[in-house]
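Written out below as structure tokens is the structure these notes cover.
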Amino acid sequence: MGYAQLVIGPAGSGKSTYCSSLYEHCVATRRTIHIVNLDPAAENFDYPVAMDIRELISLDDVMEELGLGPNGGLVYCMEHLEDNLDDWFTDELDNYLDDDYLVFDCPGQIELYSHVPVLRNFVEHLKRKNYNVCAVYLLDSQFMTDVTKFISGCMACLSAMVQLELPHVNILSKMDLVTNKKDVEEFLDPEPTFLLSELNQRMAPQFAKLNKSLIELVNNYSMVSFIPLDLRKERSIQYVLAQIDNCIQYGEDADVKIKDFDQDDDNDE
């Protein structure tokens with residue numbers, strides 16, 4: 001059984017920084033993870049790249065040869081990856097053990113998580129290869145400063161959640177850059193009645209029914225819970241990783257070994 005994180009979220013939400021900090025934390029705690037670059041437009045990395053989609057295809061080459069723009073070129077690259085899941089990607093996966101832990105640093109184009117089925121098919125391929133997968137959705141905490149932005153962020157998370165059908169951990173990144181943390185903390189685990197009241201105050205009266213439906217949707221899908229991440233604090237990284245490990249059941253089968261019971265039996269005699 002392998003384990004995988006699919007690190008997704010809007011451009012600039014801190015996905016690569018998260019992957020780099022996670023790698024450093026695991027090195028310090030003597031835990032092995034492998035970071036995979038799935039962004040064909042990436043250039044610089046602060047972590048060792050275990051697999052790199054640019055060995056298969058790069059955005060610069062696609063834009064130059066096909067005359068596509070950045071967005072169309074990125075979708076083309078990801079569809080090319082989808083076409084090569086049984087060839088290039090499977091060959092790359094074969095380089096790792098059955099119980100390895102992979103972290104996929106994904107592009108920031110939101111369509112890949114909400115409209116285009118590429119990442120959904122990518123996840124299904126990982127599942128067929130016996131990987132437990134968790135989606136880690138990052139949102140910039142500086143974006144979550146009022147209820148309207150909070151609901152917008154929740155809708156983006158929910159769209160990805162419905163599309164990918166994966167266990168989901170939502171993270172507010174860049175908490176170390178927030179000047180007034182109280183502005184964010186009230187949205188970490190808010191009451192639906194509080195959200196609705198705040199939303200009605202900011203929106204025109206004709207949006208009252210829509211506001212109520214949005215809050216009910218968010219509440220029913222348990223999307224009002226976010227984990228703050230401050231990369232300056234090891235405890236914060238450790239807590240986030242523990243939540244993700246719990247989602248993918250990492251290590252649950254490692255503690256139960258037949259020989260452990262044999263040793264206990266020997267000690268009882």
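Every chain in the structure tokens has a letter given in the order shown (A, B, ...), and although residue numbers restart at 1 in each chain, ligands are simply numbered from 1 in the order shown.
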Step one, run DSSP on the backbone; step two, keep only residues of stretch 68-124 of chain A assigned to alpha helix (DSSP H); then write them as a PyMOL selection string.
chain A and resi 70-83+90-93+111-114+118-124
Near A:Thr145, counting only C-alpha atoms, which residues have an atom at most 9 Å away, once you skip same-chain residues fewer than 6 positions from it, shown as a PyMOL selection string?
chain A and resi 183-184+187
Spatial neighbours of A:Pro48, 9 Å, only C-alpha atoms, chain gap at least 3 places, as a ChimeraX atom specification
/A:20,23,34-36,45
Expected file contents, prior selection, N, CA, C and O atoms, as a PDB file, in the first residue's frame:
ATOM      1  N   SER A  20       8.218  22.073   0.072  1.00  0.00           N
ATOM      2  CA  SER A  20       9.599  22.229   0.517  1.00  0.00           C
ATOM      3  C   SER A  20       9.700  22.136   2.034  1.00  0.00           C
ATOM      4  O   SER A  20      10.570  21.435   2.578  1.00  0.00           O
ATOM      5  N   TYR A  23       9.113  18.589   3.216  1.00  0.00           N
ATOM      6  CA  TYR A  23      10.293  17.754   2.983  1.00  0.00           C
ATOM      7  C   TYR A  23      11.347  17.993   4.072  1.00  0.00           C
ATOM      8  O   TYR A  23      11.910  17.040   4.624  1.00  0.00           O
ATOM      9  N   HIS A  34       8.802  11.533  -0.897  1.00  0.00           N
ATOM     10  CA  HIS A  34       9.323  11.878  -2.221  1.00  0.00           C
ATOM     11  C   HIS A  34       8.405  12.936  -2.836  1.00  0.00           C
ATOM     12  O   HIS A  34       7.191  12.737  -2.918  1.00  0.00           O
ATOM     13  N   ILE A  35       8.983  14.060  -3.253  1.00  0.00           N
ATOM     14  CA  ILE A  35       8.208  15.153  -3.842  1.00  0.00           C
ATOM     15  C   ILE A  35       8.229  15.019  -5.364  1.00  0.00           C
ATOM     16  O   ILE A  35       9.292  14.881  -5.967  1.00  0.00           O
ATOM     17  N   VAL A  36       7.048  15.048  -5.957  1.00  0.00           N
ATOM     18  CA  VAL A  36       6.889  14.895  -7.409  1.00  0.00           C
ATOM     19  C   VAL A  36       6.402  16.209  -7.995  1.00  0.00           C
ATOM     20  O   VAL A  36       5.402  16.778  -7.521  1.00  0.00           O
ATOM     21  N   PHE A  45      13.245  24.798  -7.743  1.00  0.00           N
ATOM     22  CA  PHE A  45      12.725  23.974  -6.661  1.00  0.00           C
ATOM     23  C   PHE A  45      13.615  24.106  -5.431  1.00  0.00           C
ATOM     24  O   PHE A  45      14.834  24.190  -5.544  1.00  0.00           O
TER      25      PHE A  45
END
DSSP-assigned strand (DSSP E) members of stretch 10-207 of chain A, reported as a ChimeraX atom specification:
/A:34-37,49-52,101-105,131-140,168-173
May I ask which of the residues A:Leu214, A:Leu93, A:Leu172, A:Leu166 is the closest one to A:Gly2, counting only C-alpha atoms?
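The answer is A:Leu93, which sits nearest to A:Gly2.
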Any idea what's packed within 9 Å of A:Gly14, counting only C-alpha atoms, ignoring anything in its chain fewer than 3 positions away? Could you give it as a list in words?
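Contacts, in chain order: Gly9, Pro10, Ala11, Thr17, Tyr18, Cys19, Leu138, Leu139, Asp140, Ser173 and Lys174 of chain A.
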Residues just named, written with C-alpha atoms as a JSON list (two decimals), in the first residue's frame:
[["chain", "number", "residue", "atom", "x", "y", "z"],
["A", 9, "GLY", "CA", -4.95, 25.14, -4.86],
["A", 10, "PRO", "CA", -4.90, 28.46, -6.71],
["A", 11, "ALA", "CA", -1.71, 29.92, -8.11],
["A", 17, "THR", "CA", 6.68, 26.28, -0.36],
["A", 18, "TYR", "CA", 4.50, 23.84, 1.54],
["A", 19, "CYS", "CA", 6.13, 20.88, -0.23],
["A", 138, "LEU", "CA", -4.20, 25.32, 0.06],
["A", 139, "LEU", "CA", -5.80, 28.75, 0.32],
["A", 140, "ASP", "CA", -3.88, 31.93, 1.05],
["A", 173, "SER", "CA", -1.37, 28.86, 4.19],
["A", 174, "LYS", "CA", 0.92, 31.84, 4.84]]
